[in-house]
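These notes are about the structure you will find just below.
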Amino acid sequence: MDFRLKPDWEAAAPLFEKAALLYKQVGQLEKARAAYERAAQSQEKIGSVWHAAKHLETCGAISKDLGQYEQMAEFYRQAGSYFAQAGRISAAADALARGAKALEDKAPAEASALYGEALEHYESDGKEAQATDVFRQAIALLVKRQAWSDAVSMCMRFGEACDKANARSSQSKAYLGAIVVWLFAGNAQQAWQVFQDVLGIEAFTKSDEAFAADALFLAYQSGSAEKVQAVVQGKQSFKQLDNQLARLAGKQSFKQLDNQLARLAGKQSFKQLDNQLARLAGKQSFKQLDNQLARLAGKQSLKQLDNQLARLAGKQSFKQLDNQLARLAGKQSFKQLDNQLARLAGKQSFKQLDNQLARLAVKLPQGDLAGQARVLAAVQGGRDPNKTEEQQEEEELL
């Protein structure tokens, strides 16, 4: 006859939970954590892995209070694993993200790893749309750690997730963030390569973020720090970049527009408009403008426009606009302008950047600007940036 007693996990679970709570209340954190860990074991034995995961997450929080950050990360990983076993993939991702957030200051490398694991859960569950904040937090931490390559990879990964979630605006902002990171890191060649890669993505090509990136590269090519700063301070296409590289905030009215649209607008009356925009404008009245431009335009008469747009709008035909903005504008009516140009027309400047990526942008250019300008000139011309023009010519002759 077997007189050995079998463990009664169902009875033990609430007792361990009560003991853990009492230990915690009197400040005996080591014993409280041990009791929560036994409570988790009990819940797992009786098939309640969800409650086991919750107890393990509590163990992680107590480990933080004890300053034991490696154990803290491991408890959050175990909690995530149990949530996943319970079929709650999103809960697993959320737990890992909470652990990562709690570890950012004390163990940033471990926090980045947890963010990566959380994002894997979101992606495996097809919940990319729920991962937006976690992507932003992960990117912010990588920038803070100056892990430039990883930050760019995370921005590109964020862009892919946005594509799956049909979040076109965030997708473009993520790609622009990747470009800003490489430029801040002093790697103009990689920044240009990213730009060329994402130009193959239609959502980005048609975005105001693409025009902002193009203007930034032109400023870098000039080798003038003043021009780079002028683009960064004057461009208005980054406020809606709401990840850490790109929340380039700054709502402002048409009166404050000092960017390319303002400069381009400017040298002759609307009567002389003979291009596509002129033809489109003639097909509908301002009353029909139901987008952002219409709403903005409806708030003041043209006579009251005493800013640059007003001065410029009366002076120059769009026919003379031979840049990308002009070509974009010529492809759609004002009625349909609820897209990037409408958003560009009035919401933000680089000056109000208040996060990690924003702070990077306002510090551009970094490093050897003349060298970066030479690299850009070489890669844009299809040459090896590590060779002089003379070396390149000799190879071509051979």
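Identifiers in this document derive from the order of the structure tokens: chains are assigned A, B, ..., residues are numbered from 1 separately in each chain, and ligands are numbered from 1 in order of occurrence.
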
### Shell of 12 Å around Lys227 of chain A, only C-alpha atoms, local chain residues under 3 positions omitted, as a list in words
Ala215, Leu216, Phe217, Leu218, Ala219, Tyr220, Gln221, Ser222, Gly223, Ser224, Ala230, Val231, Val232, Gln233, Gly234, Lys235, Leu364, Pro365 and Leu369 of chain A

### Task
Using only C-alpha atoms, determine which residues lie at most 8 Å from Gly99 of chain A, disregarding the query and same-chain residues fewer than 5 positions distant; provide the list as a VMD selection string.
chain A and resid 60 72 to 73 76 111 114

Write a file of the selected residues as a CSV table (one decimal), in the first residue's frame, keeping N, CA, C and O atoms.
```
chain,number,residue,atom,x,y,z
A,60,GLY,N,8.6,39.3,-11.6
A,60,GLY,CA,9.5,40.2,-12.4
A,60,GLY,C,9.5,41.6,-11.8
A,60,GLY,O,10.6,42.3,-11.6
A,72,MET,N,14.8,39.6,-13.4
A,72,MET,CA,13.6,40.3,-13.8
A,72,MET,C,13.3,40.0,-15.2
A,72,MET,O,12.1,39.7,-15.6
A,73,ALA,N,14.2,40.1,-16.1
A,73,ALA,CA,14.0,39.8,-17.5
A,73,ALA,C,13.6,38.4,-17.7
A,73,ALA,O,12.7,38.1,-18.5
A,76,TYR,N,9.9,37.9,-16.8
A,76,TYR,CA,9.0,38.4,-17.8
A,76,TYR,C,9.0,37.5,-19.0
A,76,TYR,O,7.9,37.3,-19.7
A,111,ALA,N,16.6,45.3,-22.3
A,111,ALA,CA,15.3,45.8,-22.6
A,111,ALA,C,15.1,45.8,-24.1
A,111,ALA,O,14.0,45.5,-24.6
A,114,LEU,N,14.1,42.3,-25.1
A,114,LEU,CA,12.7,42.0,-24.8
A,114,LEU,C,11.7,42.7,-25.7
A,114,LEU,O,10.7,42.1,-26.1
```

### Task
Tell me which protein, DNA and RNA residues are within 8 Å of Glu10 of chain A, counting only C-alpha atoms, leaving out same-chain ones fewer than 4 positions away, and put them as JSON, numbers by chain.
{"A": [14, 42, 43, 46]}

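Rounded to one decimal, atom CA of Lys54 of chain A and atom CA of Ala79 of chain A lie 6.8 Å from each other.
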
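Atom CA of Ala210 of chain A is found 10.3 Å from atom CA of Ile179 of chain A.
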
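The smallest atom-to-atom distance between Asp197 of chain A and any of A:Ser90, A:Met156, A:Ala167, A:Ala151, using only C-alpha atoms, is found for A:Met156.
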
### Task
Pick out the closest residue to Ala113 of chain A from this set: A:Ala53, A:Val228, A:Ala370, A:Ile139. Count only C-alpha atoms.
A:Ile139

### Task
Output as number ranges by chain all residues of segment 32-237 of chain A that backbone DSSP marks as alpha helix (DSSP H).
A: 32-45, 49-65, 69-85, 89-103, 108-124, 132-144, 148-164, 168-184, 188-198, 202-205, 208-222, 225-234

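Ranking A:Lys173, A:Lys144, A:Arg383, A:Arg33 by their shortest atom-to-atom distance to Asp65 of chain A, with only C-alpha atoms included, puts A:Arg33 first.
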
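In this comparison, which uses only C-alpha atoms, the residue of A:Ala140, A:Ala100, A:Ala213, A:Ile201 approaching Leu176 of chain A most closely is A:Ala213.
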
### Query
Any idea what's packed within 12 Å of Asp133 of chain A, counting only C-alpha atoms, ignoring anything in its chain fewer than 5 positions away? Could you give it as a ChimeraX atom specification?
/A:93-94,97-98,101,115,118-119,122,128,138-140,158,162,170,242-244

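In this model, the gap between atom CA of Ala34 of chain A and atom CA of Glu17 of chain A comes to 10.4 Å.
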